[in-house]
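**Student:** Below is target_30.txt; it holds compact mmCIF, N, CA and C atoms.
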# COMPACT_ATOMS: atom_id res chain seq x y z
N MET I 13 -44.11 -97.59 -21.48
CA MET I 13 -45.18 -98.29 -22.16
C MET I 13 -46.42 -98.25 -21.28
N GLY I 14 -47.55 -97.82 -21.86
CA GLY I 14 -48.79 -97.72 -21.11
C GLY I 14 -49.59 -99.01 -21.17
N VAL I 15 -50.74 -98.98 -20.52
CA VAL I 15 -51.60 -100.16 -20.49
C VAL I 15 -52.05 -100.53 -21.88
N ALA I 16 -52.37 -99.54 -22.70
CA ALA I 16 -52.84 -99.84 -24.05
C ALA I 16 -51.82 -100.66 -24.82
N GLU I 17 -50.55 -100.42 -24.59
CA GLU I 17 -49.51 -101.17 -25.28
C GLU I 17 -49.20 -102.49 -24.59
N SER I 18 -49.28 -102.52 -23.28
CA SER I 18 -48.88 -103.72 -22.55
C SER I 18 -50.00 -104.73 -22.36
N VAL I 19 -51.25 -104.30 -22.56
CA VAL I 19 -52.39 -105.20 -22.45
C VAL I 19 -53.10 -105.22 -23.79
N ALA I 20 -52.90 -106.29 -24.54
CA ALA I 20 -53.52 -106.41 -25.86
C ALA I 20 -54.94 -106.94 -25.72
N VAL I 21 -55.70 -106.87 -26.79
CA VAL I 21 -57.06 -107.40 -26.79
C VAL I 21 -57.01 -108.91 -26.98
N HIS I 22 -57.65 -109.64 -26.05
CA HIS I 22 -57.71 -111.10 -26.10
C HIS I 22 -59.14 -111.52 -25.89
N ALA I 23 -59.92 -111.56 -26.95
CA ALA I 23 -61.34 -111.86 -26.82
C ALA I 23 -61.63 -113.34 -26.82
N ASP I 24 -60.68 -114.18 -27.16
CA ASP I 24 -60.92 -115.62 -27.24
C ASP I 24 -60.71 -116.25 -25.88
N SER I 25 -61.81 -116.65 -25.23
CA SER I 25 -61.70 -117.22 -23.88
C SER I 25 -61.39 -118.70 -23.91
N ARG I 26 -61.23 -119.30 -25.09
CA ARG I 26 -60.90 -120.73 -25.15
C ARG I 26 -59.47 -121.00 -24.75
N GLY I 27 -58.61 -120.03 -24.94
CA GLY I 27 -57.21 -120.18 -24.55
C GLY I 27 -56.82 -119.00 -23.68
N PRO I 28 -55.77 -119.14 -22.90
CA PRO I 28 -55.40 -118.07 -21.98
C PRO I 28 -54.86 -116.83 -22.65
N GLY I 29 -54.34 -116.92 -23.86
CA GLY I 29 -53.80 -115.74 -24.52
C GLY I 29 -52.45 -115.36 -23.93
N PRO I 30 -51.73 -114.47 -24.61
CA PRO I 30 -50.38 -114.11 -24.18
C PRO I 30 -50.31 -113.40 -22.85
N CYS I 31 -51.38 -112.74 -22.39
CA CYS I 31 -51.27 -112.01 -21.12
C CYS I 31 -51.87 -112.80 -19.97
N ALA I 32 -52.17 -114.06 -20.18
CA ALA I 32 -52.85 -114.83 -19.15
C ALA I 32 -51.97 -115.96 -18.62
N GLY I 33 -52.17 -116.27 -17.35
CA GLY I 33 -51.51 -117.42 -16.74
C GLY I 33 -52.43 -118.62 -16.81
N SER I 34 -52.05 -119.68 -16.15
CA SER I 34 -52.84 -120.90 -16.21
C SER I 34 -53.94 -120.93 -15.18
N GLY I 35 -53.91 -120.06 -14.17
CA GLY I 35 -54.94 -120.02 -13.16
C GLY I 35 -54.84 -121.16 -12.16
N ARG I 36 -53.68 -121.82 -12.08
CA ARG I 36 -53.51 -122.93 -11.14
C ARG I 36 -52.47 -122.55 -10.10
N GLY I 37 -52.66 -123.09 -8.91
CA GLY I 37 -51.67 -122.93 -7.85
C GLY I 37 -51.31 -121.49 -7.61
N ASN I 38 -50.00 -121.19 -7.59
CA ASN I 38 -49.53 -119.84 -7.33
C ASN I 38 -49.31 -119.04 -8.62
N ASP I 39 -49.78 -119.58 -9.76
CA ASP I 39 -49.69 -118.84 -11.00
C ASP I 39 -50.57 -117.60 -10.91
N PRO I 40 -50.25 -116.58 -11.70
CA PRO I 40 -51.12 -115.40 -11.70
C PRO I 40 -52.52 -115.80 -12.16
N PRO I 41 -53.53 -115.10 -11.69
CA PRO I 41 -54.88 -115.40 -12.18
C PRO I 41 -54.91 -115.16 -13.69
N ALA I 42 -55.64 -116.00 -14.39
CA ALA I 42 -55.70 -115.87 -15.84
C ALA I 42 -56.57 -114.67 -16.21
N ILE I 43 -56.10 -113.94 -17.18
CA ILE I 43 -56.87 -112.85 -17.75
C ILE I 43 -57.37 -113.37 -19.09
N SER I 44 -58.64 -113.76 -19.13
CA SER I 44 -59.16 -114.38 -20.34
C SER I 44 -59.59 -113.35 -21.38
N TYR I 45 -59.70 -112.10 -20.97
CA TYR I 45 -60.08 -111.04 -21.89
C TYR I 45 -59.57 -109.73 -21.33
N CYS I 46 -59.00 -108.91 -22.16
CA CYS I 46 -58.61 -107.58 -21.71
C CYS I 46 -58.54 -106.63 -22.89
N ARG I 47 -59.03 -105.42 -22.67
CA ARG I 47 -58.95 -104.39 -23.70
C ARG I 47 -59.09 -103.04 -23.04
N THR I 48 -58.74 -102.02 -23.78
CA THR I 48 -58.90 -100.67 -23.30
C THR I 48 -59.83 -99.92 -24.25
N VAL I 49 -60.70 -99.11 -23.66
CA VAL I 49 -61.61 -98.27 -24.42
C VAL I 49 -61.55 -96.89 -23.78
N ASP I 50 -61.04 -95.93 -24.52
CA ASP I 50 -60.83 -94.58 -23.97
C ASP I 50 -60.03 -94.69 -22.67
N ARG I 51 -60.60 -94.28 -21.57
CA ARG I 51 -59.93 -94.34 -20.27
C ARG I 51 -60.48 -95.47 -19.40
N THR I 52 -61.00 -96.52 -20.06
CA THR I 52 -61.57 -97.67 -19.36
C THR I 52 -60.75 -98.91 -19.66
N LEU I 53 -60.42 -99.65 -18.61
CA LEU I 53 -59.77 -100.95 -18.74
C LEU I 53 -60.83 -102.00 -18.49
N VAL I 54 -61.00 -102.92 -19.44
CA VAL I 54 -62.00 -103.98 -19.33
C VAL I 54 -61.24 -105.30 -19.28
N ILE I 55 -61.47 -106.07 -18.19
CA ILE I 55 -60.79 -107.36 -18.05
C ILE I 55 -61.78 -108.42 -17.58
N ALA I 56 -61.47 -109.66 -17.93
CA ALA I 56 -62.20 -110.81 -17.41
C ALA I 56 -61.17 -111.71 -16.74
N LEU I 57 -61.43 -112.08 -15.50
CA LEU I 57 -60.51 -112.92 -14.74
C LEU I 57 -61.07 -114.33 -14.63
N ARG I 58 -60.16 -115.30 -14.52
CA ARG I 58 -60.61 -116.67 -14.26
C ARG I 58 -59.59 -117.36 -13.37
N GLY I 59 -60.09 -118.32 -12.62
CA GLY I 59 -59.21 -119.08 -11.73
C GLY I 59 -59.26 -118.53 -10.32
N VAL I 60 -58.19 -118.79 -9.59
CA VAL I 60 -58.09 -118.37 -8.20
C VAL I 60 -57.32 -117.06 -8.12
N VAL I 61 -57.86 -116.11 -7.35
CA VAL I 61 -57.19 -114.83 -7.12
C VAL I 61 -57.02 -114.70 -5.62
N ASP I 62 -55.77 -114.83 -5.16
CA ASP I 62 -55.51 -114.74 -3.73
C ASP I 62 -54.18 -114.06 -3.48
N ARG I 63 -53.79 -113.98 -2.22
CA ARG I 63 -52.58 -113.22 -1.87
C ARG I 63 -51.32 -113.81 -2.47
N ASP I 64 -51.34 -115.10 -2.80
CA ASP I 64 -50.15 -115.73 -3.36
C ASP I 64 -49.92 -115.40 -4.83
N ASN I 65 -50.97 -114.93 -5.52
CA ASN I 65 -50.79 -114.71 -6.95
C ASN I 65 -51.34 -113.39 -7.47
N ILE I 66 -51.70 -112.47 -6.60
CA ILE I 66 -52.35 -111.24 -7.04
C ILE I 66 -51.38 -110.17 -7.54
N TYR I 67 -50.10 -110.31 -7.26
CA TYR I 67 -49.14 -109.26 -7.59
C TYR I 67 -49.18 -108.84 -9.06
N PRO I 68 -49.18 -109.76 -10.04
CA PRO I 68 -49.21 -109.31 -11.44
C PRO I 68 -50.46 -108.50 -11.78
N LEU I 69 -51.60 -108.88 -11.22
CA LEU I 69 -52.82 -108.12 -11.45
C LEU I 69 -52.73 -106.75 -10.79
N ARG I 70 -52.19 -106.71 -9.58
CA ARG I 70 -51.99 -105.43 -8.89
C ARG I 70 -51.05 -104.52 -9.70
N LEU I 71 -50.01 -105.10 -10.25
CA LEU I 71 -49.06 -104.33 -11.06
C LEU I 71 -49.73 -103.79 -12.32
N MET I 72 -50.55 -104.62 -12.98
CA MET I 72 -51.25 -104.18 -14.18
C MET I 72 -52.16 -103.00 -13.86
N LEU I 73 -52.88 -103.06 -12.73
CA LEU I 73 -53.78 -101.97 -12.37
C LEU I 73 -53.01 -100.72 -11.96
N THR I 74 -51.84 -100.89 -11.37
CA THR I 74 -50.99 -99.74 -11.03
C THR I 74 -50.54 -99.03 -12.30
N VAL I 75 -50.16 -99.80 -13.32
CA VAL I 75 -49.77 -99.21 -14.61
C VAL I 75 -50.97 -98.50 -15.22
N ALA I 76 -52.15 -99.09 -15.11
CA ALA I 76 -53.35 -98.45 -15.65
C ALA I 76 -53.61 -97.11 -14.99
N VAL I 77 -53.48 -97.05 -13.66
CA VAL I 77 -53.68 -95.79 -12.94
C VAL I 77 -52.66 -94.76 -13.40
N LYS I 78 -51.40 -95.16 -13.47
CA LYS I 78 -50.35 -94.22 -13.87
C LYS I 78 -50.50 -93.78 -15.32
N SER I 79 -51.19 -94.59 -16.12
CA SER I 79 -51.44 -94.25 -17.52
C SER I 79 -52.71 -93.42 -17.70
N GLY I 80 -53.41 -93.13 -16.60
CA GLY I 80 -54.56 -92.26 -16.67
C GLY I 80 -55.91 -92.93 -16.81
N TYR I 81 -55.96 -94.24 -16.67
CA TYR I 81 -57.25 -94.93 -16.74
C TYR I 81 -58.03 -94.66 -15.47
N SER I 82 -59.32 -94.35 -15.63
CA SER I 82 -60.12 -93.97 -14.48
C SER I 82 -61.32 -94.88 -14.27
N ARG I 83 -61.53 -95.81 -15.15
CA ARG I 83 -62.67 -96.74 -15.01
C ARG I 83 -62.16 -98.15 -15.24
N LEU I 84 -62.67 -99.07 -14.42
CA LEU I 84 -62.30 -100.48 -14.51
C LEU I 84 -63.58 -101.31 -14.55
N VAL I 85 -63.66 -102.19 -15.53
CA VAL I 85 -64.78 -103.12 -15.64
C VAL I 85 -64.18 -104.51 -15.54
N VAL I 86 -64.65 -105.29 -14.54
CA VAL I 86 -64.10 -106.62 -14.30
C VAL I 86 -65.21 -107.66 -14.40
N ASP I 87 -65.05 -108.58 -15.33
CA ASP I 87 -65.96 -109.72 -15.44
C ASP I 87 -65.43 -110.79 -14.50
N CYS I 88 -66.21 -111.13 -13.49
CA CYS I 88 -65.79 -112.06 -12.44
C CYS I 88 -66.44 -113.43 -12.57
N ALA I 89 -67.08 -113.72 -13.70
CA ALA I 89 -67.86 -114.95 -13.84
C ALA I 89 -67.03 -116.21 -13.66
N GLU I 90 -65.76 -116.18 -14.04
CA GLU I 90 -64.95 -117.39 -14.02
C GLU I 90 -63.94 -117.43 -12.88
N ILE I 91 -64.12 -116.58 -11.87
CA ILE I 91 -63.26 -116.65 -10.70
C ILE I 91 -63.74 -117.81 -9.83
N THR I 92 -62.86 -118.77 -9.61
CA THR I 92 -63.24 -119.98 -8.87
C THR I 92 -62.87 -119.91 -7.39
N GLY I 93 -62.06 -118.96 -7.01
CA GLY I 93 -61.66 -118.78 -5.63
C GLY I 93 -61.03 -117.42 -5.46
N CYS I 94 -61.22 -116.82 -4.27
CA CYS I 94 -60.62 -115.51 -4.02
C CYS I 94 -60.58 -115.28 -2.52
N ASP I 95 -59.73 -114.34 -2.13
CA ASP I 95 -59.66 -113.96 -0.73
C ASP I 95 -59.72 -112.44 -0.63
N HIS I 96 -59.50 -111.93 0.55
CA HIS I 96 -59.64 -110.49 0.79
C HIS I 96 -58.71 -109.64 -0.06
N GLU I 97 -57.64 -110.21 -0.57
CA GLU I 97 -56.70 -109.45 -1.41
C GLU I 97 -57.40 -108.93 -2.67
N LEU I 98 -58.31 -109.72 -3.23
CA LEU I 98 -59.05 -109.28 -4.41
C LEU I 98 -59.94 -108.08 -4.05
N LEU I 99 -60.63 -108.17 -2.95
CA LEU I 99 -61.48 -107.06 -2.52
C LEU I 99 -60.64 -105.83 -2.21
N ASP I 100 -59.50 -106.01 -1.56
CA ASP I 100 -58.60 -104.89 -1.28
C ASP I 100 -58.14 -104.23 -2.59
N LEU I 101 -57.86 -105.04 -3.60
CA LEU I 101 -57.43 -104.51 -4.89
C LEU I 101 -58.55 -103.69 -5.53
N PHE I 102 -59.77 -104.21 -5.49
CA PHE I 102 -60.90 -103.48 -6.05
C PHE I 102 -61.12 -102.16 -5.30
N LEU I 103 -61.04 -102.21 -3.97
CA LEU I 103 -61.25 -100.99 -3.18
C LEU I 103 -60.13 -99.98 -3.41
N SER I 104 -58.91 -100.46 -3.63
CA SER I 104 -57.82 -99.52 -3.88
C SER I 104 -58.02 -98.80 -5.22
N TRP I 105 -58.67 -99.47 -6.17
CA TRP I 105 -58.96 -98.82 -7.46
C TRP I 105 -59.91 -97.64 -7.25
N LYS I 106 -60.85 -97.77 -6.31
CA LYS I 106 -61.86 -96.74 -6.06
C LYS I 106 -61.28 -95.43 -5.52
N ARG I 107 -60.07 -95.47 -5.00
CA ARG I 107 -59.48 -94.25 -4.44
C ARG I 107 -59.32 -93.21 -5.54
N HIS I 108 -59.36 -91.97 -5.15
CA HIS I 108 -59.15 -90.85 -6.06
C HIS I 108 -60.20 -90.80 -7.16
N GLU I 109 -61.44 -91.14 -6.81
CA GLU I 109 -62.60 -90.98 -7.68
C GLU I 109 -62.54 -91.83 -8.95
N ARG I 110 -61.86 -92.97 -8.90
CA ARG I 110 -61.90 -93.89 -10.04
C ARG I 110 -63.14 -94.78 -9.87
N ASN I 111 -63.70 -95.22 -10.99
CA ASN I 111 -64.91 -96.05 -10.97
C ASN I 111 -64.57 -97.50 -11.26
N ILE I 112 -65.35 -98.40 -10.67
CA ILE I 112 -65.20 -99.83 -10.91
C ILE I 112 -66.59 -100.44 -11.06
N ALA I 113 -66.70 -101.37 -11.98
CA ALA I 113 -67.94 -102.13 -12.15
C ALA I 113 -67.57 -103.61 -12.18
N LEU I 114 -68.18 -104.38 -11.29
CA LEU I 114 -68.01 -105.83 -11.29
C LEU I 114 -69.21 -106.43 -12.00
N VAL I 115 -68.95 -107.21 -13.03
CA VAL I 115 -70.05 -107.84 -13.75
C VAL I 115 -69.94 -109.35 -13.62
N HIS I 116 -71.08 -109.99 -13.60
CA HIS I 116 -71.17 -111.45 -13.48
C HIS I 116 -70.34 -112.01 -12.32
N PRO I 117 -70.54 -111.51 -11.09
CA PRO I 117 -69.74 -112.03 -9.98
C PRO I 117 -70.04 -113.51 -9.74
N SER I 118 -69.01 -114.30 -9.67
CA SER I 118 -69.15 -115.73 -9.40
C SER I 118 -69.54 -115.93 -7.93
N GLY I 119 -69.87 -117.16 -7.58
CA GLY I 119 -70.21 -117.48 -6.19
C GLY I 119 -69.13 -117.06 -5.21
N PRO I 120 -67.86 -117.40 -5.47
CA PRO I 120 -66.81 -116.99 -4.53
C PRO I 120 -66.69 -115.46 -4.38
N VAL I 121 -66.90 -114.72 -5.45
CA VAL I 121 -66.83 -113.25 -5.37
C VAL I 121 -68.01 -112.72 -4.57
N ARG I 122 -69.21 -113.24 -4.82
CA ARG I 122 -70.39 -112.83 -4.04
C ARG I 122 -70.20 -113.16 -2.57
N ASP I 123 -69.66 -114.35 -2.28
CA ASP I 123 -69.43 -114.74 -0.88
C ASP I 123 -68.43 -113.81 -0.20
N LEU I 124 -67.37 -113.45 -0.92
CA LEU I 124 -66.36 -112.53 -0.38
C LEU I 124 -66.98 -111.18 -0.05
N ILE I 125 -67.77 -110.64 -0.95
CA ILE I 125 -68.40 -109.34 -0.72
C ILE I 125 -69.39 -109.43 0.44
N ALA I 126 -70.18 -110.49 0.47
CA ALA I 126 -71.15 -110.65 1.56
C ALA I 126 -70.45 -110.76 2.91
N ALA I 127 -69.35 -111.49 2.96
CA ALA I 127 -68.60 -111.64 4.21
C ALA I 127 -68.05 -110.29 4.67
N GLU I 128 -67.57 -109.49 3.72
CA GLU I 128 -67.04 -108.17 4.08
C GLU I 128 -68.14 -107.24 4.57
N ILE I 129 -69.29 -107.29 3.94
CA ILE I 129 -70.42 -106.48 4.40
C ILE I 129 -70.81 -106.89 5.80
N SER I 130 -70.90 -108.19 6.04
CA SER I 130 -71.26 -108.69 7.37
C SER I 130 -70.23 -108.27 8.41
N ARG I 131 -68.95 -108.36 8.06
CA ARG I 131 -67.88 -107.98 8.98
C ARG I 131 -67.99 -106.50 9.35
N ARG I 132 -68.23 -105.66 8.35
CA ARG I 132 -68.34 -104.23 8.61
C ARG I 132 -69.58 -103.90 9.44
N LEU I 133 -70.69 -104.58 9.16
CA LEU I 133 -71.88 -104.37 9.98
C LEU I 133 -71.62 -104.78 11.42
N PHE I 134 -70.93 -105.90 11.59
CA PHE I 134 -70.63 -106.39 12.93
C PHE I 134 -69.74 -105.39 13.68
N LEU I 135 -68.75 -104.84 12.99
CA LEU I 135 -67.85 -103.87 13.62
C LEU I 135 -68.57 -102.58 14.01
N CYS I 136 -69.61 -102.22 13.26
CA CYS I 136 -70.34 -100.99 13.53
C CYS I 136 -71.46 -101.18 14.56
N ALA I 137 -71.79 -102.42 14.85
CA ALA I 137 -72.91 -102.69 15.75
C ALA I 137 -72.55 -102.38 17.19
N LEU I 138 -73.57 -102.08 17.96
CA LEU I 138 -73.40 -101.79 19.38
C LEU I 138 -73.23 -103.05 20.21
N SER I 139 -73.75 -104.16 19.68
CA SER I 139 -73.66 -105.43 20.39
C SER I 139 -73.82 -106.56 19.38
N VAL I 140 -73.61 -107.79 19.81
CA VAL I 140 -73.80 -108.93 18.92
C VAL I 140 -75.25 -108.99 18.48
N LYS I 141 -76.17 -108.76 19.41
CA LYS I 141 -77.60 -108.78 19.06
C LYS I 141 -77.90 -107.72 18.02
N HIS I 142 -77.36 -106.54 18.21
CA HIS I 142 -77.56 -105.45 17.24
C HIS I 142 -77.00 -105.85 15.87
N ALA I 143 -75.83 -106.48 15.84
CA ALA I 143 -75.23 -106.93 14.58
C ALA I 143 -76.13 -107.94 13.88
N LEU I 144 -76.67 -108.88 14.64
CA LEU I 144 -77.57 -109.88 14.05
C LEU I 144 -78.84 -109.22 13.54
N ASP I 145 -79.34 -108.23 14.26
CA ASP I 145 -80.52 -107.51 13.80
C ASP I 145 -80.23 -106.76 12.49
N LEU I 146 -79.05 -106.16 12.40
CA LEU I 146 -78.66 -105.44 11.17
C LEU I 146 -78.55 -106.39 9.99
N MET I 147 -78.11 -107.64 10.25
CA MET I 147 -77.97 -108.62 9.18
C MET I 147 -79.27 -109.31 8.87
N GLY I 148 -80.31 -109.00 9.61
CA GLY I 148 -81.61 -109.58 9.33
C GLY I 148 -81.81 -110.96 9.94
N GLY I 149 -80.99 -111.34 10.89
CA GLY I 149 -81.08 -112.67 11.45
C GLY I 149 -81.48 -112.73 12.88
Show me, as structure tokens, the structure contained in the file I just sent.
**Tutor:**
Amino acid sequence: MGVAESVAVHADSRGPGPCAGSGRGNDPPAISYCRTVDRTLVIALRGVVDRDNIYPLRLMLTVAVKSGYSRLVVDCAEITGCDHELLDLFLSWKRHERNIALVHPSGPVRDLIAAEISRRLFLCALSVKHALDLMGG
């Protein structure tokens, strides 16, 4: 069974829908919307996405890759918390020339990306002063 069969269209964000969790505690992050268009998987996530609950989302994306999907569009507006596992998942999608678009990144998603950019700049800097100069501070 491919992604098209295992991920139905759930456009109603008022309820979690059959493919969504509650978004609390260690439950899988809720998928408030998901559909496939050609070779594109479009999803909207809500709730907390961290190492304790990312496995179902990682599994869904693995099935998408194996089914030939090459583009991922993720609406991040309703993500209330996340850690590096979410960023690792997004970066793993980019391997092998797959495309990803993050739309409406929430505050936690923007903070995660900014922290990763700062970390990478710091690692590439020649000194702490150089790192601060690269970050504009």
**Student:** Give me the residues near Leu101 (chain I) as a PyMOL selection string, where near means some atom within 8 Å (using only N, CA and C atoms) and where sequence neighbours in that chain fewer than 4 positions away do not count.
**Tutor:** chain I and resi 69-70+96-97+105-106
**Student:** What does the distance between CA of Val61 (chain I) and CA of Val121 (chain I) come to in Å, to one decimal place?
**Tutor:**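 Atom-to-atom, CA of Val61 (chain I) and CA of Val121 (chain I) are spaced 9.9 Å apart.
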**Student:** Write out as a list in words each polymer residue whose atoms come within 8 Å of Phe134 (chain I), counting only C-alpha atoms; drop sequence neighbours fewer than 6 positions from it.
**Tutor:** Val140, Ala143 and Leu144 of chain I
**Student:** Any idea what the distance is between atom N of Asp123 (chain I) and atom C of His108 (chain I)?
**Tutor:**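 Calculated distance between atom N of Asp123 (chain I) and atom C of His108 (chain I) is 25.8 Å.
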**Student:** I need the residues of region 70-103 of chain I that end up classed as strand (DSSP E) by DSSP on the backbone, written out as a list in words.
**Tutor:**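 Of region 70-103 of chain I, the ones in strand (DSSP E) are Arg83, Leu84, Val85, Val86, Asp87, Cys88, Ala89, Glu90, Ile91, Thr92, Gly93 and Cys94 of chain I.
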**Student:** Please determine, counting only N, CA and C atoms, which residue among I:Thr92, I:Ser104, I:Gly148, I:Lys141 has the shortest atom-to-atom distance to Pro120 (chain I).
**Tutor:** I:Thr92
**Student:** State, in Å with one decimal place, the distance from CA of Cys94 (chain I) to CA of Ile55 (chain I).
**Tutor:** 16.2 Å
**Student:** Looking only at the backbone, which of the residues in region 42-139 of chain I does DSSP tag as alpha helix (DSSP H), as a PyMOL selection string?
**Tutor:** chain I and resi 67-78+96-106+119-136
**Student:** Rank I:Ala76, I:Val85, I:Leu124, I:Ala137 by their smallest atom-to-atom distance to Leu99 (chain I), using only N, CA and C atoms, and report the top residue only.
**Tutor:**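 Between I:Ala76, I:Val85, I:Leu124, I:Ala137, the residue approaching Leu99 (chain I) most closely is I:Leu124.
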**Student:** Which of these, I:Ala127, I:Leu84, I:Ile91, I:Val115, has the shortest distance to Val49 (chain I) once you count only C-alpha atoms?
**Tutor:**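 Under the stated criterion, the closest residue is I:Leu84.
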